[in-house]
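What follows is the content of upload15.pdb (PDB, C-alpha atoms and all ligand atoms).
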```pdb
MODEL        1
ATOM      1  CA  MET B   1      24.611  39.424  68.611
ATOM      2  CA  PRO B   2      23.283  40.299  65.150
ATOM      3  CA  LYS B   3      19.520  40.077  64.837
ATOM      4  CA  PRO B   4      18.190  37.589  62.253
ATOM      5  CA  PRO B   5      16.885  39.359  59.150
ATOM      6  CA  LYS B   6      13.154  40.087  59.094
ATOM      7  CA  ASN B   7      10.874  37.786  57.012
ATOM      8  CA  LYS B   8      13.352  34.963  57.353
ATOM      9  CA  THR B   9      11.491  31.664  57.041
ATOM     10  CA  PRO B  10      11.098  30.203  60.521
ATOM     11  CA  GLU B  11      13.595  27.570  61.494
ATOM     12  CA  LEU B  12      12.053  24.144  60.978
ATOM     13  CA  ASN B  13      12.239  22.368  64.317
ATOM     14  CA  ILE B  14       9.853  20.127  66.203
ATOM     15  CA  PHE B  15      10.763  21.704  69.586
ATOM     16  CA  PRO B  16       9.573  23.162  71.866
ATOM     17  CA  GLY B  17       6.182  21.937  70.591
ATOM     18  CA  ASN B  18       2.866  22.931  72.166
ATOM     19  CA  TRP B  19      -0.255  21.482  73.767
ATOM     20  CA  THR B  20      -2.538  24.107  72.323
ATOM     21  CA  ILE B  21      -5.982  23.093  71.073
ATOM     22  CA  LYS B  22      -7.459  25.663  68.695
ATOM     23  CA  ASN B  23      -9.253  23.437  66.248
ATOM     24  CA  GLU B  24     -11.884  21.634  68.336
ATOM     25  CA  GLN B  25     -13.137  19.572  65.411
ATOM     26  CA  MET B  26      -9.633  18.368  64.750
ATOM     27  CA  PHE B  27      -9.205  17.401  68.392
ATOM     28  CA  LYS B  28     -12.501  15.481  68.378
ATOM     29  CA  ALA B  29     -11.517  13.541  65.248
ATOM     30  CA  PHE B  30      -8.153  12.650  66.778
ATOM     31  CA  ASP B  31      -9.697  11.721  70.102
ATOM     32  CA  LEU B  32     -12.169   9.400  68.366
ATOM     33  CA  SER B  33      -9.292   7.422  66.854
ATOM     34  CA  PHE B  34      -8.652   5.851  70.279
ATOM     35  CA  ALA B  35     -12.252   4.696  70.734
ATOM     36  CA  GLN B  36     -12.412   3.420  67.145
ATOM     37  CA  HIS B  37      -9.228   1.384  67.289
ATOM     38  CA  TRP B  38      -9.399  -1.973  65.456
ATOM     39  CA  ASN B  39      -7.134  -4.931  64.886
ATOM     40  CA  PRO B  40      -7.000  -6.551  61.434
ATOM     41  CA  ALA B  41      -5.296  -9.634  62.908
ATOM     42  CA  SER B  42      -8.611 -10.622  64.536
ATOM     43  CA  PHE B  43     -10.457 -10.965  61.207
ATOM     44  CA  PRO B  44     -11.376 -14.330  59.607
ATOM     45  CA  TRP B  45      -8.464 -14.469  57.142
ATOM     46  CA  ASP B  46      -8.995 -18.205  56.572
ATOM     47  CA  GLN B  47     -11.862 -17.234  54.273
ATOM     48  CA  LEU B  48      -9.145 -16.247  51.819
ATOM     49  CA  ASP B  49      -7.494 -19.675  51.835
ATOM     50  CA  ALA B  50      -6.170 -20.303  48.355
ATOM     51  CA  LYS B  51      -8.113 -23.578  48.107
ATOM     52  CA  ASN B  52     -11.429 -21.676  48.191
ATOM     53  CA  PHE B  53     -10.780 -20.072  44.798
ATOM     54  CA  ASP B  54      -9.615 -20.937  41.324
ATOM     55  CA  PRO B  55      -6.273 -19.460  40.182
ATOM     56  CA  LYS B  56      -7.832 -16.539  38.296
ATOM     57  CA  GLU B  57     -10.011 -15.624  41.271
ATOM     58  CA  ARG B  58      -7.002 -15.612  43.554
ATOM     59  CA  ILE B  59      -4.926 -13.434  41.253
ATOM     60  CA  ALA B  60      -7.834 -11.083  40.610
ATOM     61  CA  GLN B  61      -8.421 -10.377  44.301
ATOM     62  CA  ALA B  62      -4.698  -9.994  44.981
ATOM     63  CA  TYR B  63      -4.527  -7.684  41.969
ATOM     64  CA  TRP B  64      -7.145  -5.325  43.358
ATOM     65  CA  MET B  65      -5.604  -5.371  46.816
ATOM     66  CA  SER B  66      -2.177  -4.533  45.421
ATOM     67  CA  LYS B  67      -3.717  -1.729  43.366
ATOM     68  CA  LEU B  68      -5.356  -0.337  46.490
ATOM     69  CA  ALA B  69      -2.007  -0.667  48.290
ATOM     70  CA  LEU B  70      -0.419   1.876  45.964
ATOM     71  CA  PHE B  71      -2.870   4.469  47.225
ATOM     72  CA  GLU B  72      -2.584   3.411  50.869
ATOM     73  CA  LYS B  73       1.181   3.769  50.556
ATOM     74  CA  SER B  74       0.783   7.236  49.080
ATOM     75  CA  GLY B  75      -1.281   8.060  52.164
ATOM     76  CA  ILE B  76       1.408   6.735  54.506
ATOM     77  CA  GLY B  77       4.010   8.855  52.733
ATOM     78  CA  ALA B  78       1.991  12.039  52.314
ATOM     79  CA  PHE B  79       0.477  12.153  55.793
ATOM     80  CA  GLY B  80       3.743  11.004  57.371
ATOM     81  CA  PHE B  81       5.623  13.755  55.580
ATOM     82  CA  GLY B  82       2.883  16.225  56.503
ATOM     83  CA  MET B  83       3.049  15.132  60.129
ATOM     84  CA  VAL B  84       6.765  15.938  60.392
ATOM     85  CA  ARG B  85       6.342  19.248  58.581
ATOM     86  CA  ALA B  86       3.392  20.205  60.813
ATOM     87  CA  ALA B  87       5.542  19.523  63.875
ATOM     88  CA  GLU B  88       8.445  21.525  62.437
ATOM     89  CA  LEU B  89       6.099  24.435  61.779
ATOM     90  CA  ASN B  90       4.679  24.091  65.286
ATOM     91  CA  LEU B  91       1.064  23.812  64.143
ATOM     92  CA  GLU B  92      -1.448  23.315  66.948
ATOM     93  CA  ASP B  93      -1.141  19.997  68.766
ATOM     94  CA  PRO B  94      -4.182  17.988  67.557
ATOM     95  CA  THR B  95      -3.359  18.763  63.922
ATOM     96  CA  LYS B  96       0.063  17.153  64.321
ATOM     97  CA  LYS B  97      -1.382  14.196  66.168
ATOM     98  CA  MET B  98      -4.236  13.719  63.716
ATOM     99  CA  LEU B  99      -1.754  13.602  60.834
ATOM    100  CA  ALA B 100       0.196  10.954  62.771
ATOM    101  CA  SER B 101      -2.997   9.024  63.428
ATOM    102  CA  ILE B 102      -3.979   9.084  59.737
ATOM    103  CA  THR B 103      -0.491   7.847  58.828
ATOM    104  CA  TYR B 104      -0.967   4.938  61.217
ATOM    105  CA  ASP B 105      -4.429   4.190  59.792
ATOM    106  CA  GLU B 106      -3.040   4.090  56.257
ATOM    107  CA  CYS B 107      -0.433   1.567  57.473
ATOM    108  CA  ARG B 108      -3.276  -0.522  58.850
ATOM    109  CA  HIS B 109      -5.097  -0.359  55.503
ATOM    110  CA  ASP B 110      -1.918  -1.361  53.666
ATOM    111  CA  GLU B 111      -1.610  -4.221  56.153
ATOM    112  CA  VAL B 112      -5.086  -5.459  55.122
ATOM    113  CA  CYS B 113      -3.835  -5.452  51.506
ATOM    114  CA  ARG B 114      -0.670  -7.317  52.483
ATOM    115  CA  ARG B 115      -2.524  -9.970  54.461
ATOM    116  CA  ALA B 116      -5.072 -10.553  51.694
ATOM    117  CA  CYS B 117      -2.328 -10.962  49.061
ATOM    118  CA  ASN B 118      -0.331 -13.196  51.368
ATOM    119  CA  LYS B 119      -3.270 -15.588  51.895
ATOM    120  CA  LEU B 120      -4.485 -15.615  48.309
ATOM    121  CA  CYS B 121      -1.263 -15.539  46.430
ATOM    122  CA  PRO B 122       1.978 -15.567  48.441
ATOM    123  CA  ASN B 123       4.704 -13.224  47.132
ATOM    124  CA  TRP B 124       2.219 -11.174  45.094
ATOM    125  CA  PRO B 125       3.201  -8.733  43.688
ATOM    126  CA  TYR B 126       6.812  -8.099  44.696
ATOM    127  CA  GLY B 127       8.256 -11.599  44.238
ATOM    128  CA  TYR B 128       5.660 -13.377  42.127
ATOM    129  CA  LYS B 129       6.434 -15.495  39.056
ATOM    130  CA  PRO B 130       3.439 -15.422  36.669
ATOM    131  CA  GLN B 131       2.119 -18.808  35.546
ATOM    132  CA  SER B 132      -0.035 -17.744  32.593
ATOM    133  CA  ASP B 133      -0.656 -14.913  30.183
ATOM    134  CA  PHE B 134      -3.500 -13.700  32.405
ATOM    135  CA  GLU B 135      -1.219 -13.542  35.439
ATOM    136  CA  GLN B 136       1.576 -11.930  33.468
ATOM    137  CA  LYS B 137      -0.719  -9.115  32.270
ATOM    138  CA  ALA B 138      -2.166  -8.539  35.729
ATOM    139  CA  LEU B 139       1.294  -8.331  37.267
ATOM    140  CA  ARG B 140       2.504  -6.037  34.496
ATOM    141  CA  ASN B 141      -0.356  -3.637  35.319
ATOM    142  CA  ILE B 142       0.633  -3.492  38.989
ATOM    143  CA  GLU B 143       4.321  -3.053  38.190
ATOM    144  CA  ALA B 144       3.506  -0.244  35.766
ATOM    145  CA  LEU B 145       1.381   1.474  38.431
ATOM    146  CA  TYR B 146       4.086   1.208  41.082
ATOM    147  CA  GLU B 147       6.638   2.607  38.645
ATOM    148  CA  GLU B 148       4.352   5.620  38.174
ATOM    149  CA  GLY B 149       4.039   5.809  41.942
ATOM    150  CA  ARG B 150       7.701   6.842  41.959
ATOM    151  CA  ARG B 151       6.856   9.828  39.736
ATOM    152  CA  TYR B 152       3.985  10.752  42.020
ATOM    153  CA  TRP B 153       6.201  10.737  45.100
ATOM    154  CA  GLU B 154       9.003  12.753  43.493
ATOM    155  CA  GLY B 155       6.434  15.366  42.530
ATOM    156  CA  PHE B 156       4.709  15.387  45.917
ATOM    157  CA  LYS B 157       7.964  15.960  47.787
ATOM    158  CA  GLY B 158       9.040  18.629  45.320
ATOM    159  CA  ALA B 159       5.743  20.499  45.718
ATOM    160  CA  TRP B 160       6.788  21.571  49.258
ATOM    161  CA  ASP B 161       9.429  23.768  47.632
ATOM    162  CA  TYR B 162       6.974  25.902  45.674
ATOM    163  CA  LEU B 163       3.597  25.595  47.434
ATOM    164  CA  THR B 164       3.023  26.888  50.947
ATOM    165  CA  PRO B 165       2.451  24.194  53.587
ATOM    166  CA  GLU B 166      -1.004  25.692  54.189
ATOM    167  CA  LEU B 167      -1.949  24.983  50.575
ATOM    168  CA  LEU B 168      -0.575  21.468  50.702
ATOM    169  CA  PHE B 169      -2.430  20.695  53.918
ATOM    170  CA  ALA B 170      -5.606  22.206  52.471
ATOM    171  CA  GLY B 171      -5.425  19.829  49.506
ATOM    172  CA  PHE B 172      -5.465  16.663  51.625
ATOM    173  CA  PHE B 173      -9.253  16.418  51.951
ATOM    174  CA  PHE B 174     -10.325  15.578  48.408
ATOM    175  CA  ALA B 175      -8.895  12.089  48.234
ATOM    176  CA  GLU B 176     -10.521  11.279  51.574
ATOM    177  CA  ILE B 177     -13.887  11.871  49.884
ATOM    178  CA  GLY B 178     -12.897   9.259  47.305
ATOM    179  CA  ALA B 179     -11.565   6.872  49.932
ATOM    180  CA  GLU B 180     -14.646   7.033  52.107
ATOM    181  CA  THR B 181     -16.866   6.554  49.055
ATOM    182  CA  ILE B 182     -15.257   3.420  47.720
ATOM    183  CA  PHE B 183     -14.999   1.586  51.035
ATOM    184  CA  ASN B 184     -18.470   2.542  52.110
ATOM    185  CA  ALA B 185     -19.842   1.087  48.865
ATOM    186  CA  MET B 186     -17.657  -2.021  48.966
ATOM    187  CA  ARG B 187     -18.528  -2.913  52.537
ATOM    188  CA  GLN B 188     -22.059  -3.353  51.176
ATOM    189  CA  THR B 189     -21.232  -5.109  47.893
ATOM    190  CA  SER B 190     -18.590  -7.571  49.099
ATOM    191  CA  LYS B 191     -19.881 -11.082  49.710
ATOM    192  CA  LEU B 192     -17.194 -12.352  52.080
ATOM    193  CA  GLU B 193     -17.187 -11.559  55.777
ATOM    194  CA  ILE B 194     -13.442 -10.914  55.773
ATOM    195  CA  TYR B 195     -13.910  -8.100  53.277
ATOM    196  CA  ARG B 196     -17.039  -6.733  54.932
ATOM    197  CA  GLN B 197     -15.257  -6.444  58.270
ATOM    198  CA  SER B 198     -12.189  -4.901  56.675
ATOM    199  CA  PHE B 199     -14.114  -2.346  54.631
ATOM    200  CA  GLN B 200     -16.436  -1.467  57.499
ATOM    201  CA  ASN B 201     -13.469  -0.583  59.699
ATOM    202  CA  ILE B 202     -11.585   1.174  56.909
ATOM    203  CA  THR B 203     -14.717   3.218  56.146
ATOM    204  CA  ARG B 204     -14.875   4.347  59.775
ATOM    205  CA  ASP B 205     -11.244   5.452  59.561
ATOM    206  CA  GLU B 206     -11.880   7.291  56.305
ATOM    207  CA  THR B 207     -14.893   9.093  57.748
ATOM    208  CA  ARG B 208     -12.629  10.352  60.523
ATOM    209  CA  HIS B 209      -9.966  11.352  57.993
ATOM    210  CA  LEU B 210     -12.529  13.290  56.028
ATOM    211  CA  VAL B 211     -13.750  15.178  59.111
ATOM    212  CA  ALA B 212     -10.155  16.005  60.054
ATOM    213  CA  THR B 213      -8.966  17.052  56.598
ATOM    214  CA  MET B 214     -12.103  19.187  56.116
ATOM    215  CA  ALA B 215     -11.289  20.845  59.455
ATOM    216  CA  LEU B 216      -7.750  21.384  58.172
ATOM    217  CA  LEU B 217      -9.088  22.939  54.968
ATOM    218  CA  ARG B 218     -11.395  25.190  56.972
ATOM    219  CA  ALA B 219      -8.551  26.362  59.208
ATOM    220  CA  MET B 220      -6.235  27.043  56.268
ATOM    221  CA  ALA B 221      -8.788  28.551  53.860
ATOM    222  CA  GLN B 222      -9.656  31.403  56.246
ATOM    223  CA  GLU B 223      -6.445  33.180  55.293
ATOM    224  CA  PHE B 224      -6.438  32.254  51.598
ATOM    225  CA  THR B 225      -6.557  34.734  48.743
ATOM    226  CA  GLU B 226      -8.812  34.033  45.756
ATOM    227  CA  GLU B 227      -5.799  32.730  43.865
ATOM    228  CA  GLN B 228      -4.908  30.301  46.630
ATOM    229  CA  LYS B 229      -8.496  29.085  46.734
ATOM    230  CA  LEU B 230      -8.243  28.372  43.022
ATOM    231  CA  THR B 231      -5.120  26.329  43.722
ATOM    232  CA  VAL B 232      -7.231  24.157  46.042
ATOM    233  CA  THR B 233      -9.730  23.704  43.196
ATOM    234  CA  ARG B 234      -6.817  22.633  41.015
ATOM    235  CA  GLN B 235      -5.654  20.162  43.688
ATOM    236  CA  MET B 236      -9.135  18.621  43.703
ATOM    237  CA  LYS B 237      -8.888  18.073  39.968
ATOM    238  CA  GLN B 238      -5.412  16.580  40.455
ATOM    239  CA  GLY B 239      -6.898  14.318  43.115
ATOM    240  CA  PHE B 240      -9.419  13.011  40.601
ATOM    241  CA  ILE B 241      -6.611  12.293  38.133
ATOM    242  CA  PHE B 242      -4.428  10.659  40.769
ATOM    243  CA  LEU B 243      -7.175   8.327  42.002
ATOM    244  CA  SER B 244      -8.475   7.526  38.520
ATOM    245  CA  PRO B 245      -6.879   4.052  38.163
ATOM    246  CA  LEU B 246      -8.711   2.941  41.313
ATOM    247  CA  LEU B 247     -11.943   4.919  41.208
ATOM    248  CA  TYR B 248     -12.543   5.410  37.483
ATOM    249  CA  GLN B 249     -10.160   4.614  34.601
ATOM    250  CA  HIS B 250      -6.618   5.892  34.372
ATOM    251  CA  GLN B 251      -6.191   9.462  33.139
ATOM    252  CA  ALA B 252      -3.269   9.795  30.746
ATOM    253  CA  THR B 253      -2.657  13.418  31.803
ATOM    254  CA  PHE B 254      -0.617  11.954  34.645
ATOM    255  CA  TRP B 255      -0.500   8.171  34.344
ATOM    256  CA  HIS B 256       1.764   6.629  31.697
ATOM    257  CA  LEU B 257       0.413   3.089  31.514
ATOM    258  CA  PRO B 258       0.334   0.313  28.895
ATOM    259  CA  SER B 259      -2.226   0.846  26.120
ATOM    260  CA  ASP B 260      -4.296  -2.169  27.189
ATOM    261  CA  PHE B 261      -4.072  -1.283  30.904
ATOM    262  CA  ASP B 262      -7.773  -0.444  31.285
ATOM    263  CA  GLN B 263      -8.903  -3.465  29.307
ATOM    264  CA  VAL B 264      -6.862  -5.828  31.496
ATOM    265  CA  ASP B 265      -7.906  -3.904  34.597
ATOM    266  CA  GLN B 266     -11.606  -4.264  33.861
ATOM    267  CA  GLU B 267     -11.336  -7.935  33.052
ATOM    268  CA  VAL B 268      -9.451  -8.680  36.280
ATOM    269  CA  GLU B 269     -11.733  -6.505  38.409
ATOM    270  CA  GLU B 270     -14.785  -8.332  37.144
ATOM    271  CA  ILE B 271     -13.332 -11.663  38.242
ATOM    272  CA  ALA B 272     -12.477 -10.173  41.647
ATOM    273  CA  ARG B 273     -16.013  -8.860  41.985
ATOM    274  CA  ASN B 274     -17.537 -12.259  41.204
ATOM    275  CA  ALA B 275     -15.170 -13.943  43.669
ATOM    276  CA  GLY B 276     -16.778 -11.882  46.454
ATOM    277  CA  LEU B 277     -14.504  -8.847  46.782
ATOM    278  CA  GLY B 278     -17.294  -6.466  45.848
ATOM    279  CA  VAL B 279     -15.271  -4.344  43.408
ATOM    280  CA  LEU B 280     -17.598  -1.753  41.911
ATOM    281  CA  THR B 281     -18.699  -1.657  38.274
ATOM    282  CA  MET B 282     -17.685   1.400  36.242
ATOM    283  CA  GLU B 283     -21.231   2.723  36.461
ATOM    284  CA  GLU B 284     -21.229   2.351  40.261
ATOM    285  CA  LYS B 285     -17.803   3.996  40.589
ATOM    286  CA  VAL B 286     -18.976   7.056  38.659
ATOM    287  CA  ARG B 287     -22.279   7.319  40.500
ATOM    288  CA  TYR B 288     -20.903   6.907  44.026
ATOM    289  CA  TRP B 289     -17.974   9.260  43.467
ATOM    290  CA  ARG B 290     -20.221  11.934  42.005
ATOM    291  CA  GLN B 291     -22.696  11.608  44.898
ATOM    292  CA  ALA B 292     -19.883  11.856  47.444
ATOM    293  CA  ILE B 293     -18.526  15.072  45.902
ATOM    294  CA  GLU B 294     -22.007  16.578  45.664
ATOM    295  CA  LYS B 295     -22.607  15.757  49.338
ATOM    296  CA  LYS B 296     -19.572  17.853  50.302
ATOM    297  CA  ARG B 297     -20.074  20.618  47.734
ATOM    298  CA  GLY B 298     -22.003  22.931  50.081
ATOM    299  CA  GLU B 299     -19.397  22.703  52.817
ATOM    300  CA  ILE B 300     -16.499  23.264  50.395
ATOM    301  CA  GLU B 301     -18.189  26.213  48.701
ATOM    302  CA  SER B 302     -19.070  27.773  52.060
ATOM    303  CA  MET B 303     -15.297  28.267  52.524
ATOM    304  CA  GLY B 304     -15.114  30.109  49.214
ATOM    305  CA  VAL B 305     -13.453  27.152  47.473
ATOM    306  CA  LYS B 306     -14.990  26.176  44.151
ATOM    307  CA  VAL B 307     -15.424  22.608  42.948
ATOM    308  CA  PRO B 308     -13.691  21.806  39.610
ATOM    309  CA  ALA B 309     -15.635  20.504  36.647
ATOM    310  CA  ILE B 310     -15.150  16.750  36.353
ATOM    311  CA  PRO B 311     -17.215  15.870  33.274
ATOM    312  CA  GLU B 312     -16.153  12.208  33.503
ATOM    313  CA  LEU B 313     -18.204  11.954  36.706
ATOM    314  CA  GLY B 314     -20.906  14.431  35.690
ATOM    315  CA  VAL B 315     -19.661  16.981  38.258
ATOM    316  CA  GLU B 316     -20.155  20.605  37.260
ATOM    317  CA  GLY B 317     -17.814  23.386  38.292
ATOM    318  CA  VAL B 318     -14.837  25.527  37.356
ATOM    319  CA  GLU B 319     -12.903  24.495  34.235
ATOM    320  CA  VAL B 320      -9.394  23.463  35.290
ATOM    321  CA  GLN B 321      -6.854  22.444  32.660
ATOM    322  CA  VAL B 322      -4.374  20.115  34.298
ATOM    323  CA  LYS B 323      -1.258  19.992  32.141
ATOM    324  CA  LYS B 324       0.363  16.810  30.933
ATOM    325  CA  ASN B 325       2.605  15.364  33.699
ATOM    326  CA  GLU B 326       1.678  18.152  36.128
ATOM    327  CA  THR B 327       2.779  17.398  39.681
ATOM    328  CA  ILE B 328       0.100  15.825  41.829
ATOM    329  CA  ALA B 329       0.284  17.680  45.129
ATOM    330  CA  THR B 330      -2.391  15.624  46.845
ATOM    331  CA  SER B 331      -2.774  12.201  48.410
ATOM    332  CA  PHE B 332      -5.123   9.282  49.191
TER     333      PHE B 332
HETATM  334 FE    FE K 401      -6.675   4.417  53.607
HETATM  335 FE    FE K 402      -7.617   8.092  54.420
ENDMDL
END
```
Could you quickly redo this structure as structure tokens?
Ligand SMILES: [Fe+2]
Ligand SMILES: [Fe+2]
Amino acid sequence: MPKPPKNKTPELNIFPGNWTIKNEQMFKAFDLSFAQHWNPASFPWDQLDAKNFDPKERIAQAYWMSKLALFEKSGIGAFGFGMVRAAELNLEDPTKKMLASITYDECRHDEVCRRACNKLCPNWPYGYKPQSDFEQKALRNIEALYEEGRRYWEGFKGAWDYLTPELLFAGFFFAEIGAETIFNAMRQTSKLEIYRQSFQNITRDETRHLVATMALLRAMAQEFTEEQKLTVTRQMKQGFIFLSPLLYQHQATFWHLPSDFDQVDQEVEEIARNAGLGVLTMEEKVRYWRQAIEKKRGEIESMGVKVPAIPELGVEGVEVQVKKNETIATSF
């Protein structure tokens, strides 16, 4: 039989698999997911009964939850895709399983969003008929975001054709910093028990995701050239741009949104905050996000990966020019 040519890319197949544990930190993070299991169905959802709020308050909370859901869905897609690819590449066992576990967690977070919208405002956003100008603008914002979500996903899938899987896996950590930050802050600022319980549990998940994706970065970065490390820096900057509609204000380098998107967004978020959701003010978003990045800076730099400059947050680092419409190869 003819021998396969040398340097041929390995055949992508999930079998025979392995039960090898090389990355102990990864195994610990995965193992913890069993002990930290939680069930959103057991939360006091009746607190979100529509009769407890006026129409604007209901829409505003559903608005924020449906905005969050875009990012949770990106997590389901990105980690789910990564999970299959990791299995096909026969990465060590806990890495595959951790990616599966994160995918499941992101489904659970999206389920919190779905339940909240369903209580507050049935059919929001997918089948909702707006009743006022306020509602129409809020819904338009969400629809515009979801439309851009399509562009994100096309780009993310395409990135596997030109970036190595190691680089893509290495880029997963940055958004987890953002995710952990926002939920950790909101579990303290929200005034309703339903939100506090939800955010407390989501924060615990995100802490685990951060540990795991940092372990993934560490494992991958060992073999990286300087140029590949700079690509990770670029992915961090892309992560900032991707998460900007949720954690800052939308960055037009990637997001094509209506000209009054931010104005509507801020107005609606303020109503949601006052209704008890605990949405952060712009000043809080900037401060908490900056602090979270600074907290991880030492660990990231110890792997030889530099932090990008993000002047919007007051984060110093390497100048990275992200081009207009550049593919976002990272996730939430
Ligand atoms: Fe999440
Ligand atoms: Fe996450």
Using all atoms listed in the file, which residues of the polymer chains come no farther than 12 Å from ligand FE 402 (chain K)? I'd like the answer as a PyMOL selection string. chain B and resi 68+71-79+98-110+172-183+201-213+330-332
Nearest residue to ligand FE 401 (chain K) from the set B:Glu299, B:Leu70, B:Arg196, B:Leu280 (distances using only C-alpha atoms and all ligand atoms): B:Leu70
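For the pair CA of Cys113 in chain B and CA of Arg85 in chain B, the separation is 27.6 Å.
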Could you list the residues chosen by the PyMOL selection byres (((chain B and resi 311-318) around 8) and not hetatm) in this structure as a list in words? Thr233, Val286, Arg287, Trp289, Arg290, Ile293, Glu294, Lys306, Val307, Pro308, Ala309, Ile310, Glu319 and Val320 of chain B
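Distances from B:Val279, B:Ala29, B:Asn118, B:Tyr288 to Glu267 in chain B were compared using all atoms listed in the file, and the smallest one belongs to B:Val279.
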Min atom-atom distance to Leu247 in chain B from the set B:Lys323, B:Lys285, B:Lys51, B:Lys296, counting all atoms listed in the file, belongs to B:Lys285
Report as an mmCIF file with C-alpha atoms, keeping the file's coordinate frame the residues that result from applying the PyMOL selection byres (((chain B and resi 67) around 9) and not hetatm) to the structure here.
```cif
data_model
loop_
_atom_site.group_PDB
_atom_site.id
_atom_site.type_symbol
_atom_site.label_atom_id
_atom_site.label_comp_id
_atom_site.auth_asym_id
_atom_site.auth_seq_id
_atom_site.Cartn_x
_atom_site.Cartn_y
_atom_site.Cartn_z
ATOM 1 C CA ALA B 62 -4.698 -9.994 44.981
ATOM 2 C CA TYR B 63 -4.527 -7.684 41.969
ATOM 3 C CA TRP B 64 -7.145 -5.325 43.358
ATOM 4 C CA MET B 65 -5.604 -5.371 46.816
ATOM 5 C CA SER B 66 -2.177 -4.533 45.421
ATOM 6 C CA LEU B 68 -5.356 -0.337 46.490
ATOM 7 C CA ALA B 69 -2.007 -0.667 48.290
ATOM 8 C CA LEU B 70 -0.419 1.876 45.964
ATOM 9 C CA PHE B 71 -2.870 4.469 47.225
ATOM 10 C CA CYS B 113 -3.835 -5.452 51.506
ATOM 11 C CA ASN B 141 -0.356 -3.637 35.319
ATOM 12 C CA ILE B 142 0.633 -3.492 38.989
ATOM 13 C CA LEU B 145 1.381 1.474 38.431
ATOM 14 C CA TYR B 146 4.086 1.208 41.082
ATOM 15 C CA PRO B 245 -6.879 4.052 38.163
ATOM 16 C CA LEU B 246 -8.711 2.941 41.313
#
```
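Take the candidates B:Lys324, B:Lys137, B:Arg115, B:Arg150 and check each one against Ser259 in chain B using only C-alpha atoms; the shortest distance goes to B:Lys137.
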Close residues, Ile241 in chain B itself excluded, 8 Å, only C-alpha atoms, min 4 positions apart in chain, as a list in words: Lys237, His250, Gln251, Thr253 and Phe254 of chain B
Determine, counting all atoms listed in the file, which protein, DNA and RNA residues have an atom within 12 Å of an atom of Lys28 in chain B; residues of the same chain fewer than 2 positions away are not included. Present the result as JSON, numbers by chain. {"B": [21, 22, 23, 24, 25, 26, 30, 31, 32, 33, 34, 35, 94, 95, 97, 98, 208, 209, 211, 212, 215]}
Length of the CA of Ala292 in chain B to CA of Leu243 in chain B vector [Å]: 14.3 Å
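Proximity of B:Pro258, B:Gly17, B:Gly158, B:Pro10 to Val84 in chain B, computed with only C-alpha atoms, is greatest for B:Gly17.
Nearest residue to ligand FE 401 (chain K) among B:Thr327, B:Ser198, B:Met220, B:Met303 is B:Ser198, counting only C-alpha atoms and all ligand atoms.
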